[in-house]
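Pasting protein_38.cif here (mmCIF, C-alpha atoms):
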data_target
loop_
_atom_site.group_PDB
_atom_site.id
_atom_site.type_symbol
_atom_site.label_atom_id
_atom_site.label_comp_id
_atom_site.auth_asym_id
_atom_site.auth_seq_id
_atom_site.Cartn_x
_atom_site.Cartn_y
_atom_site.Cartn_z
ATOM 1 C CA MET A 54 17.523 -10.381 1.649
ATOM 2 C CA ARG A 55 14.576 -11.969 -0.112
ATOM 3 C CA ARG A 56 12.341 -9.646 -1.984
ATOM 4 C CA GLY A 57 9.351 -10.088 -4.241
ATOM 5 C CA VAL A 58 6.191 -8.706 -5.699
ATOM 6 C CA TRP A 59 2.729 -8.397 -4.236
ATOM 7 C CA VAL A 60 0.029 -8.139 -6.878
ATOM 8 C CA PRO A 61 -3.533 -8.172 -5.496
ATOM 9 C CA PHE A 62 -5.263 -7.911 -8.872
ATOM 10 C CA GLY A 63 -8.836 -8.880 -8.988
ATOM 11 C CA VAL A 64 -12.198 -9.722 -10.121
ATOM 12 C CA SER A 65 -13.379 -8.613 -6.677
ATOM 13 C CA VAL A 66 -16.356 -8.947 -4.411
ATOM 14 C CA LEU A 67 -15.906 -5.368 -1.380
ATOM 15 C CA VAL A 68 -15.958 -4.338 1.715
ATOM 16 C CA GLY A 69 -14.692 -1.745 1.950
ATOM 17 C CA GLY A 70 -13.843 -2.454 1.194
ATOM 18 C CA ALA A 71 -13.925 -2.149 1.597
ATOM 19 C CA ALA A 72 -15.433 -0.580 -1.158
ATOM 20 C CA SER A 73 -18.981 -0.692 -0.112
ATOM 21 C CA VAL A 74 -21.652 0.351 -2.576
ATOM 22 C CA SER A 75 -25.240 0.811 -1.427
ATOM 23 C CA ALA A 76 -28.332 2.942 -1.839
ATOM 24 C CA ALA A 77 -29.401 5.288 0.951
ATOM 25 C CA GLU A 78 -31.393 3.510 3.656
ATOM 26 C CA PRO A 79 -34.329 5.132 5.506
ATOM 27 C CA PRO A 80 -34.138 4.741 9.278
ATOM 28 C CA ALA A 81 -36.656 2.561 11.071
ATOM 29 C CA LEU A 82 -39.541 4.570 12.537
ATOM 30 C CA LEU A 83 -41.483 4.140 15.735
ATOM 31 C CA ALA A 84 -44.827 5.888 15.957
ATOM 32 C CA GLU A 85 -46.089 7.116 19.283
ATOM 33 C CA PRO A 86 -48.953 4.896 20.538
ATOM 34 C CA SER A 87 -52.335 6.604 20.680
ATOM 35 C CA ALA A 88 -54.714 6.675 23.658
ATOM 36 C CA ALA A 89 -57.026 4.260 21.811
ATOM 37 C CA ASP A 90 -54.160 1.811 21.430
ATOM 38 C CA ALA A 91 -53.394 2.045 25.132
ATOM 39 C CA GLN A 92 -57.034 1.372 26.064
ATOM 40 C CA ALA A 93 -57.306 -1.540 23.620
ATOM 41 C CA THR A 94 -54.293 -3.238 25.177
ATOM 42 C CA GLY A 95 -55.346 -2.456 28.706
ATOM 43 C CA ASP A 96 -52.300 -0.283 29.306
ATOM 44 C CA PRO A 97 -52.761 3.025 31.129
ATOM 45 C CA LYS A 98 -52.231 6.242 29.206
ATOM 46 C CA PRO A 99 -48.617 7.378 29.677
ATOM 47 C CA THR A 100 -47.934 10.294 31.952
ATOM 48 C CA ALA A 101 -46.361 13.504 30.629
ATOM 49 C CA ALA A 102 -42.973 12.413 31.948
ATOM 50 C CA GLU A 103 -43.325 8.988 30.321
ATOM 51 C CA ALA A 104 -44.493 10.534 27.058
ATOM 52 C CA GLN A 105 -41.238 12.435 26.812
ATOM 53 C CA THR A 106 -39.389 9.122 26.539
ATOM 54 C CA VAL A 107 -41.578 7.908 23.630
ATOM 55 C CA PRO A 108 -40.339 9.107 20.210
ATOM 56 C CA ALA A 109 -42.816 11.111 18.171
ATOM 57 C CA GLU A 110 -43.765 9.924 14.699
ATOM 58 C CA GLY A 111 -40.905 10.539 12.256
ATOM 59 C CA GLN A 112 -38.199 10.078 14.893
ATOM 60 C CA THR A 113 -35.899 7.060 15.012
ATOM 61 C CA LYS A 114 -36.076 4.464 17.752
ATOM 62 C CA PRO A 115 -33.651 4.772 20.649
ATOM 63 C CA ILE A 116 -30.587 2.675 19.863
ATOM 64 C CA GLY A 117 -31.488 0.250 22.646
ATOM 65 C CA LYS A 118 -34.809 -0.531 20.869
ATOM 66 C CA GLN A 119 -33.368 -1.019 17.399
ATOM 67 C CA LYS A 120 -32.610 -4.413 15.924
ATOM 68 C CA TRP A 121 -29.482 -5.239 13.967
ATOM 69 C CA GLU A 122 -29.881 -5.285 10.193
ATOM 70 C CA PHE A 123 -27.511 -7.405 8.101
ATOM 71 C CA ALA A 124 -26.664 -7.276 4.400
ATOM 72 C CA THR A 125 -24.266 -8.958 1.982
ATOM 73 C CA ILE A 126 -22.484 -7.023 -0.769
ATOM 74 C CA GLY A 127 -21.016 -8.783 -3.787
ATOM 75 C CA TYR A 128 -19.211 -7.053 -6.613
ATOM 76 C CA VAL A 129 -17.210 -7.733 -9.739
ATOM 77 C CA TRP A 130 -14.271 -5.396 -10.248
ATOM 78 C CA LEU A 131 -12.860 -5.422 -13.794
ATOM 79 C CA ALA A 132 -9.540 -3.933 -12.719
ATOM 80 C CA GLY A 133 -6.174 -3.613 -14.376
ATOM 81 C CA ALA A 134 -2.969 -2.727 -12.557
ATOM 82 C CA SER A 135 0.131 -0.659 -13.241
ATOM 83 C CA GLY A 136 3.110 0.640 -11.286
ATOM 84 C CA LYS A 137 6.469 -0.656 -10.172
ATOM 85 C CA THR A 138 7.897 -2.988 -7.584
ATOM 86 C CA ASP A 139 11.275 -4.171 -6.363
ATOM 87 C CA LEU A 140 12.682 -7.578 -7.300
ATOM 88 C CA ILE A 141 15.317 -10.137 -6.303
ATOM 89 C CA GLY A 142 18.735 -9.169 -4.966
ATOM 90 C CA ALA A 143 20.377 -6.280 -6.793
ATOM 91 C CA VAL A 144 18.012 -6.476 -9.781
ATOM 92 C CA PRO A 145 16.450 -3.064 -10.502
ATOM 93 C CA PRO A 146 12.707 -2.588 -9.883
ATOM 94 C CA VAL A 147 10.377 -3.953 -12.547
ATOM 95 C CA ASP A 148 7.428 -2.187 -14.154
ATOM 96 C CA LEU A 149 3.949 -3.692 -14.056
ATOM 97 C CA ASP A 150 1.525 -3.087 -16.917
ATOM 98 C CA LEU A 151 -1.418 -5.464 -16.645
ATOM 99 C CA PRO A 152 -4.718 -4.389 -18.198
ATOM 100 C CA PHE A 153 -7.756 -6.352 -17.113
ATOM 101 C CA GLY A 154 -7.542 -8.746 -20.076
ATOM 102 C CA LYS A 155 -4.105 -9.950 -18.981
ATOM 103 C CA VAL A 156 -5.213 -10.170 -15.351
ATOM 104 C CA LEU A 157 -8.197 -12.322 -16.306
ATOM 105 C CA LYS A 158 -6.024 -14.732 -18.322
ATOM 106 C CA SER A 159 -3.583 -15.054 -15.413
ATOM 107 C CA LEU A 160 -6.212 -15.567 -12.709
ATOM 108 C CA LYS A 161 -6.086 -19.013 -11.067
ATOM 109 C CA PHE A 162 -8.549 -18.554 -8.223
ATOM 110 C CA ALA A 163 -10.425 -15.747 -6.496
ATOM 111 C CA PHE A 164 -12.733 -15.566 -3.502
ATOM 112 C CA MET A 165 -14.304 -12.372 -2.206
ATOM 113 C CA GLY A 166 -17.122 -11.573 0.183
ATOM 114 C CA ALA A 167 -18.406 -8.553 2.043
ATOM 115 C CA ALA A 168 -20.960 -7.955 4.775
ATOM 116 C CA GLU A 169 -22.587 -5.019 6.535
ATOM 117 C CA ALA A 170 -24.298 -4.719 9.916
ATOM 118 C CA LYS A 171 -26.321 -1.688 11.014
ATOM 119 C CA ARG A 172 -28.157 -0.771 14.199
ATOM 120 C CA ASP A 173 -29.710 2.669 14.325
ATOM 121 C CA ARG A 174 -26.737 4.879 13.344
ATOM 122 C CA VAL A 175 -24.012 2.337 14.148
ATOM 123 C CA VAL A 176 -22.476 0.786 10.993
ATOM 124 C CA ILE A 177 -20.005 -2.112 10.677
ATOM 125 C CA LEU A 178 -18.427 -3.141 7.352
ATOM 126 C CA GLY A 179 -16.293 -6.225 6.683
ATOM 127 C CA ASP A 180 -14.536 -7.557 3.585
ATOM 128 C CA LEU A 181 -12.462 -10.643 2.748
ATOM 129 C CA THR A 182 -10.565 -11.271 -0.495
ATOM 130 C CA PHE A 183 -8.190 -13.981 -1.652
ATOM 131 C CA ILE A 184 -6.590 -13.996 -5.130
ATOM 132 C CA HIS A 185 -4.162 -16.406 -6.800
ATOM 133 C CA LEU A 186 -2.452 -15.063 -9.917
ATOM 134 C CA ASP A 187 0.169 -16.676 -12.180
ATOM 135 C CA THR A 188 1.443 -14.520 -15.039
ATOM 136 C CA ARG A 189 4.252 -14.281 -17.557
ATOM 137 C CA LYS A 190 2.874 -11.133 -19.178
ATOM 138 C CA GLY A 191 3.028 -7.456 -18.263
ATOM 139 C CA ILE A 192 6.301 -7.598 -16.290
ATOM 140 C CA GLY A 193 8.807 -5.055 -17.592
ATOM 141 C CA ILE A 194 12.356 -6.199 -16.715
ATOM 142 C CA ARG A 195 14.963 -3.429 -16.747
ATOM 143 C CA ASP A 196 17.989 -5.701 -16.347
ATOM 144 C CA PRO A 197 19.099 -6.817 -19.868
ATOM 145 C CA ASP A 198 20.449 -10.094 -18.491
ATOM 146 C CA PHE A 199 16.868 -11.351 -18.076
ATOM 147 C CA LEU A 200 14.405 -11.846 -20.910
ATOM 148 C CA LYS A 201 11.559 -13.792 -19.299
ATOM 149 C CA ALA A 202 9.732 -13.620 -15.989
ATOM 150 C CA GLU A 203 7.043 -15.642 -14.236
ATOM 151 C CA LEU A 204 5.172 -14.421 -11.203
ATOM 152 C CA ASP A 205 3.042 -16.574 -8.887
ATOM 153 C CA SER A 206 1.192 -14.443 -6.349
ATOM 154 C CA ARG A 207 -1.234 -15.354 -3.560
ATOM 155 C CA THR A 208 -2.736 -12.386 -1.744
ATOM 156 C CA SER A 209 -5.397 -11.841 0.885
ATOM 157 C CA GLU A 210 -6.928 -8.704 2.370
ATOM 158 C CA ILE A 211 -9.232 -8.510 5.380
ATOM 159 C CA THR A 212 -10.877 -5.166 6.105
ATOM 160 C CA LEU A 213 -12.989 -4.347 9.165
ATOM 161 C CA LEU A 214 -14.492 -0.894 9.730
ATOM 162 C CA GLY A 215 -16.878 0.474 12.321
ATOM 163 C CA GLY A 216 -18.513 3.879 12.375
ATOM 164 C CA TYR A 217 -21.476 6.174 12.848
ATOM 165 C CA ARG A 218 -24.098 7.635 10.504
ATOM 166 C CA VAL A 219 -23.467 11.336 11.094
ATOM 167 C CA VAL A 220 -26.093 12.500 8.555
ATOM 168 C CA ASN A 221 -29.355 10.583 8.856
ATOM 169 C CA ASP A 222 -32.402 12.870 8.868
ATOM 170 C CA GLY A 223 -32.544 14.112 5.281
ATOM 171 C CA PRO A 224 -32.521 12.395 1.913
ATOM 172 C CA VAL A 225 -28.694 12.373 2.015
ATOM 173 C CA THR A 226 -26.905 9.950 4.372
ATOM 174 C CA MET A 227 -23.260 9.965 5.415
ATOM 175 C CA ASP A 228 -21.274 7.370 7.367
ATOM 176 C CA VAL A 229 -17.868 8.024 8.939
ATOM 177 C CA LEU A 230 -15.853 4.886 9.718
ATOM 178 C CA ALA A 231 -12.473 3.762 11.037
ATOM 179 C CA GLY A 232 -10.702 0.439 11.387
ATOM 180 C CA GLY A 233 -7.966 -1.554 9.713
ATOM 181 C CA ARG A 234 -6.969 -3.606 6.693
ATOM 182 C CA LEU A 235 -4.776 -6.695 7.151
ATOM 183 C CA ASN A 236 -2.636 -7.419 4.077
ATOM 184 C CA TRP A 237 -1.036 -10.823 3.502
ATOM 185 C CA PHE A 238 0.795 -12.109 0.449
ATOM 186 C CA LYS A 239 3.137 -14.843 -0.741
ATOM 187 C CA THR A 240 4.935 -14.332 -4.042
ATOM 188 C CA THR A 241 7.377 -16.402 -6.077
ATOM 189 C CA LEU A 242 9.289 -14.824 -8.964
ATOM 190 C CA GLN A 243 11.458 -16.539 -11.571
ATOM 191 C CA LEU A 244 13.724 -14.656 -13.985
ATOM 192 C CA GLN A 245 15.425 -16.243 -16.971
ATOM 193 C CA GLY A 246 18.030 -15.044 -19.455
ATOM 194 C CA PRO A 247 20.447 -16.533 -21.940
ATOM 195 C CA ASN A 248 23.333 -16.604 -19.463
ATOM 196 C CA ARG A 249 21.714 -15.990 -16.100
ATOM 197 C CA GLN A 250 18.667 -16.911 -14.073
ATOM 198 C CA ALA A 251 17.347 -16.021 -10.637
ATOM 199 C CA ASP A 252 14.373 -16.849 -8.472
ATOM 200 C CA GLY A 253 13.070 -15.943 -5.049
ATOM 201 C CA SER A 254 10.003 -15.821 -2.851
ATOM 202 C CA VAL A 255 8.707 -13.548 -0.136
ATOM 203 C CA LYS A 256 5.991 -13.580 2.519
ATOM 204 C CA GLN A 257 4.775 -10.298 3.948
ATOM 205 C CA THR A 258 2.021 -9.282 6.355
ATOM 206 C CA TRP A 259 1.120 -5.791 7.553
ATOM 207 C CA LEU A 260 -1.798 -3.869 9.022
ATOM 208 C CA ASP A 261 -2.980 -0.510 7.710
ATOM 209 C CA PRO A 262 -5.086 1.754 9.913
ATOM 210 C CA VAL A 263 -7.932 3.058 7.748
ATOM 211 C CA ILE A 264 -10.451 5.900 7.944
ATOM 212 C CA ALA A 265 -13.367 5.955 5.527
ATOM 213 C CA ALA A 266 -16.548 7.772 4.533
ATOM 214 C CA ARG A 267 -19.649 6.699 2.623
ATOM 215 C CA VAL A 268 -22.311 9.025 1.189
ATOM 216 C CA GLY A 269 -25.664 8.130 -0.394
ATOM 217 C CA ALA A 270 -28.220 10.411 -2.065
ATOM 218 C CA PRO A 271 -31.431 9.784 -4.077
ATOM 219 C CA LEU A 272 -31.662 10.653 -7.756
ATOM 220 C CA GLY A 273 -35.395 10.108 -8.118
ATOM 221 C CA SER A 274 -37.688 7.088 -8.396
ATOM 222 C CA LYS A 275 -35.627 3.961 -7.590
ATOM 223 C CA TRP A 276 -32.266 5.505 -8.505
ATOM 224 C CA SER A 277 -29.583 6.788 -6.148
ATOM 225 C CA VAL A 278 -25.898 7.675 -6.135
ATOM 226 C CA GLY A 279 -23.259 6.484 -3.666
ATOM 227 C CA VAL A 280 -19.617 7.343 -3.046
ATOM 228 C CA TYR A 281 -17.205 5.352 -0.863
ATOM 229 C CA GLY A 282 -13.654 6.435 -0.092
ATOM 230 C CA ASP A 283 -10.922 5.560 2.393
ATOM 231 C CA VAL A 284 -7.314 6.400 3.194
ATOM 232 C CA GLY A 285 -4.882 4.393 5.292
ATOM 233 C CA GLY A 286 -1.316 3.628 6.222
ATOM 234 C CA ILE A 287 0.832 6.753 6.768
ATOM 235 C CA VAL A 288 1.376 6.248 10.519
ATOM 236 C CA ALA A 289 1.775 2.453 10.236
ATOM 237 C CA GLY A 290 1.818 -0.196 7.541
ATOM 238 C CA SER A 291 1.752 1.264 4.039
ATOM 239 C CA ASP A 292 3.406 4.568 3.234
ATOM 240 C CA LEU A 293 0.017 5.447 1.731
ATOM 241 C CA THR A 294 -3.074 3.572 0.576
ATOM 242 C CA TRP A 295 -6.328 5.093 -0.635
ATOM 243 C CA GLN A 296 -9.328 4.288 -2.775
ATOM 244 C CA LEU A 297 -12.425 5.931 -4.235
ATOM 245 C CA ALA A 298 -15.542 4.217 -5.616
ATOM 246 C CA PRO A 299 -18.491 6.285 -6.960
ATOM 247 C CA THR A 300 -21.543 4.317 -8.130
ATOM 248 C CA VAL A 301 -25.059 4.782 -9.489
ATOM 249 C CA ASN A 302 -27.546 2.390 -7.853
ATOM 250 C CA TYR A 303 -30.984 0.975 -8.674
ATOM 251 C CA GLN A 304 -33.346 -0.371 -5.999
ATOM 252 C CA ILE A 305 -34.808 -3.632 -7.320
ATOM 253 C CA ASN A 306 -37.070 -4.142 -4.299
ATOM 254 C CA HIS A 307 -37.028 -3.391 -0.576
ATOM 255 C CA LYS A 308 -34.245 -5.952 0.002
ATOM 256 C CA MET A 309 -32.093 -5.883 -3.143
ATOM 257 C CA SER A 310 -30.222 -3.198 -5.094
ATOM 258 C CA VAL A 311 -27.648 -3.183 -7.882
ATOM 259 C CA GLY A 312 -25.013 -0.545 -8.644
ATOM 260 C CA ALA A 313 -22.390 0.249 -11.260
ATOM 261 C CA GLY A 314 -19.458 2.644 -11.154
ATOM 262 C CA TRP A 315 -15.684 2.924 -11.057
ATOM 263 C CA ARG A 316 -13.112 1.970 -8.408
ATOM 264 C CA TYR A 317 -9.558 3.271 -8.043
ATOM 265 C CA PHE A 318 -7.252 1.667 -5.460
ATOM 266 C CA LYS A 319 -3.668 2.752 -4.727
ATOM 267 C CA VAL A 320 -1.056 1.100 -2.473
ATOM 268 C CA LYS A 321 2.490 2.260 -1.779
ATOM 269 C CA TYR A 322 4.335 0.033 0.677
ATOM 270 C CA HIS A 323 8.064 0.227 1.412
ATOM 271 C CA ASN A 324 9.811 -2.028 3.917
ATOM 272 C CA GLY A 325 13.598 -2.088 3.810
ATOM 273 C CA ASP A 326 14.647 -2.952 0.267
ATOM 274 C CA PHE A 327 11.147 -4.109 -0.655
ATOM 275 C CA LEU A 328 8.933 -1.725 -2.641
ATOM 276 C CA TYR A 329 5.387 -2.085 -3.919
ATOM 277 C CA ASN A 330 3.929 0.991 -5.606
ATOM 278 C CA VAL A 331 0.927 -0.013 -7.720
ATOM 279 C CA HIS A 332 -2.547 1.282 -8.492
ATOM 280 C CA GLN A 333 -5.569 -0.641 -9.749
ATOM 281 C CA SER A 334 -8.615 0.825 -11.485
ATOM 282 C CA GLY A 335 -11.613 -0.305 -13.484
ATOM 283 C CA PRO A 336 -15.413 -0.541 -13.627
ATOM 284 C CA VAL A 337 -17.250 -2.188 -10.740
ATOM 285 C CA ILE A 338 -20.674 -3.820 -10.589
ATOM 286 C CA ALA A 339 -22.173 -4.410 -7.138
ATOM 287 C CA PHE A 340 -25.161 -6.330 -5.808
ATOM 288 C CA ARG A 341 -26.518 -5.760 -2.287
ATOM 289 C CA THR A 342 -29.002 -7.974 -0.412
ATOM 290 C CA ILE A 343 -30.572 -7.323 2.990
ATOM 291 C CA LEU A 344 -30.885 -10.559 4.983
#

Could you show the structure in this file as structure tokens?
Amino acid sequence: MRRGVWVPFGVSVLVGGAASVSAAEPPALLAEPSAADAQATGDPKPTAAEAQTVPAEGQTKPIGKQKWEFATIGYVWLAGASGKTDLIGAVPPVDLDLPFGKVLKSLKFAFMGAAEAKRDRVVILGDLTFIHLDTRKGIGIRDPDFLKAELDSRTSEITLLGGYRVVNDGPVTMDVLAGGRLNWFKTTLQLQGPNRQADGSVKQTWLDPVIAARVGAPLGSKWSVGVYGDVGGIVAGSDLTWQLAPTVNYQINHKMSVGAGWRYFKVKYHNGDFLYNVHQSGPVIAFRTIL
């Protein structure tokens, strides 16, 4: 059986990703038209029954009257990674110890992008990442027959979540979301020793069901705090995957905000003889723009 290593390290831009970081957003308001407005436009004054269908000032528009709002979210995640993973054939699992400095030196290419769509209380989040890593450092080989290792890893994650803003009326907002994360990777590993060498490659794809929550609250003036978290796998895909990303945000203007915080991301995936049990963590800087 071919086995390998999946290492989605990153200088990331999420979703989701999935780790979405944003300031609290006030809902769009629709004021009730006055009698003077009705006369000026030539429209008759609404009846009592019709008036009941018109939201009073301070209430949100009916969802059918709202327009979609779109935003992009970019972030840099200065993450290191540690854990263990299985290897080739009967070789014991190897340990991974890659602080961010080693990850950055090994990074060949990275592309990340995230987007958000919102209509009234309906929220949709999407995230795409692709990372190519080639490293000879930070791989702890337990088998004494091997002294050197080289890992070439290409990974991609696509996260799509949809949900509802369950808390919307006060200064604090809360979104509850659900969806999935598609994981794809291709890894080649080469092991070398004085009297023995081995190499192998593996391709793996799986889908994790994910549930998530996002909370935003003001801190005063243009400052706010946000927390994003999700958990997935368990019933399908990974044995367990979860992440948490708290941030402090600053509203630059009505369309742009910037945030800084910390992100922790854990994945444990076991399929037959293949094992990947790694966590990533590090500071994150996010930039959000409303289109």

Review point. Can you list, as a PyMOL selection string, every protein, DNA or RNA residue that comes within 12 Å of stretch 157-163 of chain A when you count all atoms listed in the file, leaving out same-chain residues fewer than 2 positions away?
Key: chain A and resi 60-66+129-134+151-155+165-166+181-191+203-210

- Query: To one decimal place, how far is atom CA of A:Thr212 from atom CA of A:Asp180 in Å?
  - Reply: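 Result for atom CA of A:Thr212 versus atom CA of A:Asp180: 5.0 Å, one decimal.
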
For A:Asn248, the closest of A:Ala298, A:Leu200, A:Val320, A:Val176 counting all atoms listed in the file is A:Leu200

_Applying the PyMOL selection byres ((chain A and resi 263) around 12) to the file I just gave you, which residues come out? Please list them as a PyMOL selection string._
chain A and resi 69-71+211-216+229-235+260-262+264-266+282-291+293-296

Expand the PyMOL selection byres ((chain A and resi 344) around 9) into the explicit residue set it covers here, and present it as a VMD selection string. chain A and resid 122 to 125 308 342 to 343

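Minimum atom-to-atom distance to A:Asn236, evaluated using all atoms listed in the file, belongs to A:Trp259 out of A:Trp259, A:Ile338, A:Ala170, A:Arg249.
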
Separating atom CA of A:Asn302 from atom CA of A:Ser274, to the nearest tenth of an Å, is a gap of 11.2 Å

Can you measure atom CA of A:Asp198 to atom CA of A:Pro145 for me? One decimal in Å is fine.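 Interatomic distance here is 11.4 Å.
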
Counting all atoms listed in the file, closest pick from A:Ile192, A:Tyr128, A:Arg218, A:Asp252 relative to A:Arg316 is A:Tyr128
